[in-house]
file target05.cif (mmCIF, C-alpha atoms and all ligand atoms)
data_run
loop_
_atom_site.group_PDB
_atom_site.id
_atom_site.type_symbol
_atom_site.label_atom_id
_atom_site.label_comp_id
_atom_site.auth_asym_id
_atom_site.auth_seq_id
_atom_site.Cartn_x
_atom_site.Cartn_y
_atom_site.Cartn_z
ATOM 1 C CA MET H 64 7.405 9.481 -12.188
ATOM 2 C CA SER H 65 4.985 12.053 -13.528
ATOM 3 C CA ALA H 66 2.448 14.182 -11.680
ATOM 4 C CA ALA H 67 3.450 12.694 -8.361
ATOM 5 C CA VAL H 68 1.178 13.599 -5.478
ATOM 6 C CA ASP H 69 2.503 14.868 -2.136
ATOM 7 C CA VAL H 70 0.624 12.774 0.422
ATOM 8 C CA ALA H 71 2.453 12.911 3.754
ATOM 9 C CA ALA H 72 5.641 13.590 5.645
ATOM 10 C CA VAL H 73 7.991 10.632 5.900
ATOM 11 C CA THR H 74 7.750 10.982 9.677
ATOM 12 C CA ASP H 75 3.972 10.417 9.469
ATOM 13 C CA VAL H 76 4.598 6.752 8.580
ATOM 14 C CA PRO H 77 5.974 4.822 11.562
ATOM 15 C CA ASP H 78 8.786 2.351 10.930
ATOM 16 C CA GLY H 79 7.166 -1.054 10.511
ATOM 17 C CA GLY H 80 3.766 0.612 10.271
ATOM 18 C CA THR H 81 1.264 2.044 7.839
ATOM 19 C CA LEU H 82 -0.582 5.221 6.936
ATOM 20 C CA ARG H 83 -3.732 5.444 4.808
ATOM 21 C CA VAL H 84 -3.761 8.282 2.300
ATOM 22 C CA GLU H 85 -5.624 9.094 -0.905
ATOM 23 C CA VAL H 86 -3.992 9.650 -4.271
ATOM 24 C CA ALA H 87 -6.236 11.034 -7.012
ATOM 25 C CA GLY H 88 -9.223 9.520 -5.218
ATOM 26 C CA ILE H 89 -7.586 6.117 -4.801
ATOM 27 C CA PRO H 90 -7.074 4.790 -1.255
ATOM 28 C CA VAL H 91 -3.408 4.000 -0.762
ATOM 29 C CA CYS H 92 -1.618 2.234 2.088
ATOM 30 C CA LEU H 93 1.864 3.587 2.764
ATOM 31 C CA VAL H 94 4.211 1.168 4.506
ATOM 32 C CA ASN H 95 7.548 2.091 6.098
ATOM 33 C CA LEU H 96 10.082 -0.742 5.876
ATOM 34 C CA GLY H 97 13.205 0.348 7.703
ATOM 35 C CA GLY H 98 12.944 3.923 6.467
ATOM 36 C CA THR H 99 11.902 3.098 2.897
ATOM 37 C CA ILE H 100 8.326 4.006 2.037
ATOM 38 C CA HIS H 101 6.245 1.704 -0.167
ATOM 39 C CA ALA H 102 2.729 2.245 -1.493
ATOM 40 C CA LEU H 103 0.001 -0.354 -2.093
ATOM 41 C CA HIS H 104 -3.654 -0.043 -2.997
ATOM 42 C CA ASP H 105 -5.419 0.097 0.370
ATOM 43 C CA THR H 106 -8.310 -2.198 -0.565
ATOM 44 C CA CYS H 107 -7.723 -5.909 0.043
ATOM 45 C CA THR H 108 -8.396 -7.887 -3.136
ATOM 46 C CA HIS H 109 -10.296 -10.528 -1.153
ATOM 47 C CA ALA H 110 -13.164 -8.626 0.480
ATOM 48 C CA ARG H 111 -12.338 -4.923 0.448
ATOM 49 C CA GLU H 112 -10.794 -4.543 3.916
ATOM 50 C CA SER H 113 -8.516 -1.549 4.473
ATOM 51 C CA MET H 114 -4.952 -2.847 4.380
ATOM 52 C CA SER H 115 -3.656 0.118 6.372
ATOM 53 C CA GLY H 116 -5.242 -1.514 9.425
ATOM 54 C CA GLY H 117 -3.119 -4.579 8.806
ATOM 55 C CA PHE H 118 0.023 -5.949 10.359
ATOM 56 C CA VAL H 119 3.492 -5.542 8.881
ATOM 57 C CA ASP H 120 5.851 -8.506 9.308
ATOM 58 C CA GLY H 121 9.156 -8.201 7.474
ATOM 59 C CA ASP H 122 8.290 -7.310 3.893
ATOM 60 C CA ARG H 123 4.736 -8.694 4.210
ATOM 61 C CA ILE H 124 1.495 -7.075 5.239
ATOM 62 C CA GLU H 125 -1.350 -9.149 6.674
ATOM 63 C CA CYS H 126 -4.954 -8.159 6.059
ATOM 64 C CA PRO H 127 -6.675 -7.573 9.410
ATOM 65 C CA ARG H 128 -9.942 -9.201 8.306
ATOM 66 C CA HIS H 129 -9.144 -12.722 7.099
ATOM 67 C CA GLY H 130 -5.354 -12.785 7.322
ATOM 68 C CA ALA H 131 -4.224 -12.878 3.705
ATOM 69 C CA ASN H 132 -0.567 -11.870 3.336
ATOM 70 C CA PHE H 133 0.694 -9.634 0.536
ATOM 71 C CA SER H 134 4.212 -8.631 -0.447
ATOM 72 C CA VAL H 135 4.779 -4.989 0.445
ATOM 73 C CA LEU H 136 7.378 -4.854 -2.347
ATOM 74 C CA THR H 137 5.359 -6.308 -5.220
ATOM 75 C CA GLY H 138 1.741 -6.511 -4.043
ATOM 76 C CA GLU H 139 1.761 -10.272 -4.695
ATOM 77 C CA ALA H 140 -0.875 -12.254 -2.819
ATOM 78 C CA LEU H 141 1.222 -14.696 -0.777
ATOM 79 C CA THR H 142 -1.389 -16.563 1.266
ATOM 80 C CA PRO H 143 -5.112 -17.308 0.962
ATOM 81 C CA PRO H 144 -7.850 -16.296 1.015
ATOM 82 C CA ALA H 145 -6.583 -13.552 -1.359
ATOM 83 C CA THR H 146 -5.326 -14.738 -4.742
ATOM 84 C CA THR H 147 -5.120 -11.466 -6.680
ATOM 85 C CA PRO H 148 -2.218 -9.045 -6.196
ATOM 86 C CA LEU H 149 -2.636 -5.562 -4.823
ATOM 87 C CA PRO H 150 -1.676 -2.784 -7.238
ATOM 88 C CA ILE H 151 1.448 -0.927 -6.150
ATOM 89 C CA PHE H 152 2.489 2.669 -6.767
ATOM 90 C CA GLY H 153 5.803 4.368 -7.381
ATOM 91 C CA VAL H 154 7.132 6.357 -4.425
ATOM 92 C CA ALA H 155 9.727 9.097 -4.151
ATOM 93 C CA VAL H 156 10.876 11.084 -1.139
ATOM 94 C CA ASP H 157 11.801 14.752 -1.533
ATOM 95 C CA GLY H 158 12.554 17.096 1.320
ATOM 96 C CA GLY H 159 11.064 14.720 3.855
ATOM 97 C CA ARG H 160 7.798 14.461 1.912
ATOM 98 C CA VAL H 161 6.336 11.296 0.401
ATOM 99 C CA LEU H 162 5.388 11.639 -3.271
ATOM 100 C CA VAL H 163 3.226 8.932 -4.864
ATOM 101 C CA ASP H 164 2.783 8.297 -8.574
ATOM 102 C CA PRO H 165 -1.013 8.180 -9.125
ATOM 103 C CA SER H 166 -0.731 5.473 -11.811
ATOM 104 C CA PRO H 167 -0.992 1.998 -10.225
ATOM 105 C CA SER H 168 0.966 -0.999 -11.489
ATOM 106 C CA HIS H 169 -2.294 -2.559 -12.661
ATOM 107 C CA ARG H 170 -6.004 -2.089 -12.298
ATOM 108 C CA HIS H 171 -7.571 -3.109 -8.993
ATOM 109 C CA PRO H 172 -10.045 -5.954 -9.563
ATOM 110 C CA PHE H 173 -12.811 -4.048 -7.777
ATOM 111 C CA ASP H 174 -12.429 -0.955 -9.956
ATOM 112 C CA ILE H 175 -15.234 -0.718 -12.459
HETATM 113 S S1 LIG H 201 -10.679 -8.969 3.294
HETATM 114 FE FE1 LIG H 201 -8.525 -9.237 3.271
HETATM 115 S S2 LIG H 201 -8.237 -11.369 3.532
HETATM 116 FE FE2 LIG H 201 -10.370 -11.106 3.443
#
call {"tool": "encode", "arguments": {"input": "target05.cif", "output": "structure tokens", "more": "lines below"}}
Ligand code: FES
result
Amino acid sequence: MSAAVDVAAVTDVPDGGTLRVEVAGIPVCLVNLGGTIHALHDTCTHARESMSGGFVDGDRIECPRHGANFSVLTGEALTPPATTPLPIFGVAVDGGRVLVDPSPSHRHPFDI
């Protein structure tokens, strides 16, 4: 990981919950799965809803607007109406802080 960005304390992200942060101007949804923090692009690939308002169920997150499910681990779109994966970001934890790699796994489809 290079140029990782310190975005939050681990304790800011509730277990089974989310926290919206920004990394180099990109909205990012942190998800805490049993004490492991994951990071996804916060903008749903269907119609731009904020994923951090969504619902975590196991290793899935459900968009609060139309209900598409994405894998928290890979960003894969698992159920319609979304068909395009969410970019994911590398995460490290150091001294109780969450560090996010600002380079996403792939370009978000709504990025120009
Ligand atoms: S905006 Fe997320 S499923 Fe439609």
call {"tool": "axis_aligned_box", "arguments": {"input": "target05.cif", "around": "ligand LIG 201 (chain H)", "padding_each_side": "4 Å", "output": "JSON"}}
result
{"center_x": -9.5, "center_y": -10.2, "center_z": 3.4, "size_x": 10.4, "size_y": 10.4, "size_z": 8.3}
call {"tool": "resolve_selection", "arguments": {"input": "target05.cif", "expression": "the PyMOL selection byres (((not hetatm)) within 9 of (chain H and resi 201))", "output": "list in words"}}
result
Thr106, Cys107, Thr108, His109, Ala110, Arg111, Glu112, Ser113, Met114, Glu125, Cys126, Pro127, Arg128, His129, Gly130, Ala131, Asn132, Thr142, Pro143, Pro144 and Ala145 of chain H
call {"tool": "atom_distance", "arguments": {"input": "target05.cif", "atom1": "atom CA of H:Val161", "atom2": "atom CA of H:Pro77"}}
result
12.9 Å
call {"tool": "resolve_selection", "arguments": {"input": "target05.cif", "expression": "the PyMOL selection byres (((chain H and resi 119) around 9) and not hetatm)", "output": "PyMOL selection string"}}
result
chain H and resi 79-81+94+96+117-118+120-125+135
call {"tool": "atom_distance", "arguments": {"input": "target05.cif", "atom1": "atom CA of H:Val76", "atom2": "atom CA of H:Pro150"}}
result
19.5 Å
call {"tool": "closest_residue", "arguments": {"input": "target05.cif", "among": "H:Val84, H:Val154, H:Val68, H:Val163", "to": "H:Leu136", "atoms": "all atoms listed in the file"}}
result
H:Val154
call {"tool": "resolve_selection", "arguments": {"input": "target05.cif", "expression": "the PyMOL selection byres (((chain H and resi 172-174) around 8) and not hetatm)", "output": "PyMOL selection string"}}
result
chain H and resi 108+147+170-171+175
call {"tool": "write_last_selection", "arguments": {"input": "target05.cif", "atoms": "C-alpha atoms", "output": "short mmCIF file (atom, residue, chain, number, x, y, z; two decimals), keeping the file's coordinate frame"}}
result
data_model
loop_
_atom_site.label_atom_id
_atom_site.label_comp_id
_atom_site.auth_asym_id
_atom_site.auth_seq_id
_atom_site.Cartn_x
_atom_site.Cartn_y
_atom_site.Cartn_z
CA THR H 108 -8.40 -7.89 -3.14
CA THR H 147 -5.12 -11.47 -6.68
CA ARG H 170 -6.00 -2.09 -12.30
CA HIS H 171 -7.57 -3.11 -8.99
CA ILE H 175 -15.23 -0.72 -12.46
#
call {"tool": "atom_distance", "arguments": {"input": "target05.cif", "atom1": "atom CA of H:Phe133", "atom2": "atom CA of H:Val73"}}
result
22.2 Å
call {"tool": "closest_residue", "arguments": {"input": "target05.cif", "among": "H:Gly138, H:Ala66, H:Ser115, H:Val156", "to": "H:Ala87", "atoms": "only C-alpha atoms"}}
result
H:Ala66
call {"tool": "residues_around", "arguments": {"input": "target05.cif", "residues": "H:Glu139", "least_positions_apart": "3", "cutoff": "7 Å", "atoms": "only C-alpha atoms", "output": "list of chain:residue names"}}
result
H:Phe133, H:Ser134, H:Pro148, H:Leu149
call {"tool": "write_last_selection", "arguments": {"input": "target05.cif", "atoms": "C-alpha atoms", "output": "CSV table (one decimal), in the frame of the given file"}}
result
chain,number,residue,atom,x,y,z
H,133,PHE,CA,0.7,-9.6,0.5
H,134,SER,CA,4.2,-8.6,-0.4
H,148,PRO,CA,-2.2,-9.0,-6.2
H,149,LEU,CA,-2.6,-5.6,-4.8
call {"tool": "closest_residue", "arguments": {"input": "target05.cif", "among": "H:Phe152, H:His104, H:Pro165, H:Arg160", "to": "H:Asp75", "atoms": "all atoms listed in the file"}}
result
H:Arg160
call {"tool": "residues_around", "arguments": {"input": "target05.cif", "residues": "H:Gly153", "least_positions_apart": "5", "cutoff": "9 Å", "atoms": "all atoms listed in the file", "output": "MDAnalysis selection string"}}
result
chainID H and resid 64 67 101:102 162:168
call {"tool": "write_last_selection", "arguments": {"input": "target05.cif", "atoms": "C-alpha atoms", "output": "compact mmCIF listing (two decimals), keeping the file's coordinate frame"}}
result
# COMPACT_ATOMS: atom_id res chain seq x y z
CA MET H 64 7.40 9.48 -12.19
CA ALA H 67 3.45 12.69 -8.36
CA HIS H 101 6.24 1.70 -0.17
CA ALA H 102 2.73 2.24 -1.49
CA LEU H 162 5.39 11.64 -3.27
CA VAL H 163 3.23 8.93 -4.86
CA ASP H 164 2.78 8.30 -8.57
CA PRO H 165 -1.01 8.18 -9.12
CA SER H 166 -0.73 5.47 -11.81
CA PRO H 167 -0.99 2.00 -10.22
CA SER H 168 0.97 -1.00 -11.49
call {"tool": "closest_residue", "arguments": {"input": "target05.cif", "among": "H:Leu82, H:Leu141, H:Ile151, H:His169", "to": "H:Leu103", "atoms": "only C-alpha atoms"}}
result
H:Ile151
call {"tool": "build_atoms", "arguments": {"input": "target05.cif", "residues": "stretch 163-174 of chain H", "atoms": "N, CA and C atoms", "output": "CSV table (one decimal), in the coordinates of the input"}}
result
chain,number,residue,atom,x,y,z
H,163,VAL,N,3.7,10.2,-4.3
H,163,VAL,CA,3.2,8.9,-4.9
H,163,VAL,C,2.8,9.2,-6.3
H,164,ASP,N,3.2,8.3,-7.2
H,164,ASP,CA,2.8,8.3,-8.6
H,164,ASP,C,1.3,7.8,-8.6
H,165,PRO,N,0.4,8.6,-9.2
H,165,PRO,CA,-1.0,8.2,-9.1
H,165,PRO,C,-1.4,7.0,-10.1
H,166,SER,N,-0.4,6.6,-10.9
H,166,SER,CA,-0.7,5.5,-11.8
H,166,SER,C,-0.3,4.1,-11.2
H,167,PRO,N,-1.3,3.3,-10.9
H,167,PRO,CA,-1.0,2.0,-10.2
H,167,PRO,C,-0.3,1.0,-11.2
H,168,SER,N,0.3,0.0,-10.7
H,168,SER,CA,1.0,-1.0,-11.5
H,168,SER,C,0.0,-1.8,-12.4
H,169,HIS,N,-1.2,-1.9,-11.9
H,169,HIS,CA,-2.3,-2.6,-12.7
H,169,HIS,C,-3.6,-2.2,-12.0
H,170,ARG,N,-4.7,-2.5,-12.8
H,170,ARG,CA,-6.0,-2.1,-12.3
H,170,ARG,C,-6.4,-3.0,-11.1
H,171,HIS,N,-7.0,-2.3,-10.1
H,171,HIS,CA,-7.6,-3.1,-9.0
H,171,HIS,C,-8.8,-3.9,-9.5
H,172,PRO,N,-8.9,-5.1,-9.1
H,172,PRO,CA,-10.0,-6.0,-9.6
H,172,PRO,C,-11.4,-5.4,-9.2
H,173,PHE,N,-11.5,-4.6,-8.2
H,173,PHE,CA,-12.8,-4.0,-7.8
H,173,PHE,C,-13.1,-2.7,-8.5
H,174,ASP,N,-12.2,-2.2,-9.2
H,174,ASP,CA,-12.4,-1.0,-10.0
H,174,ASP,C,-13.3,-1.3,-11.1
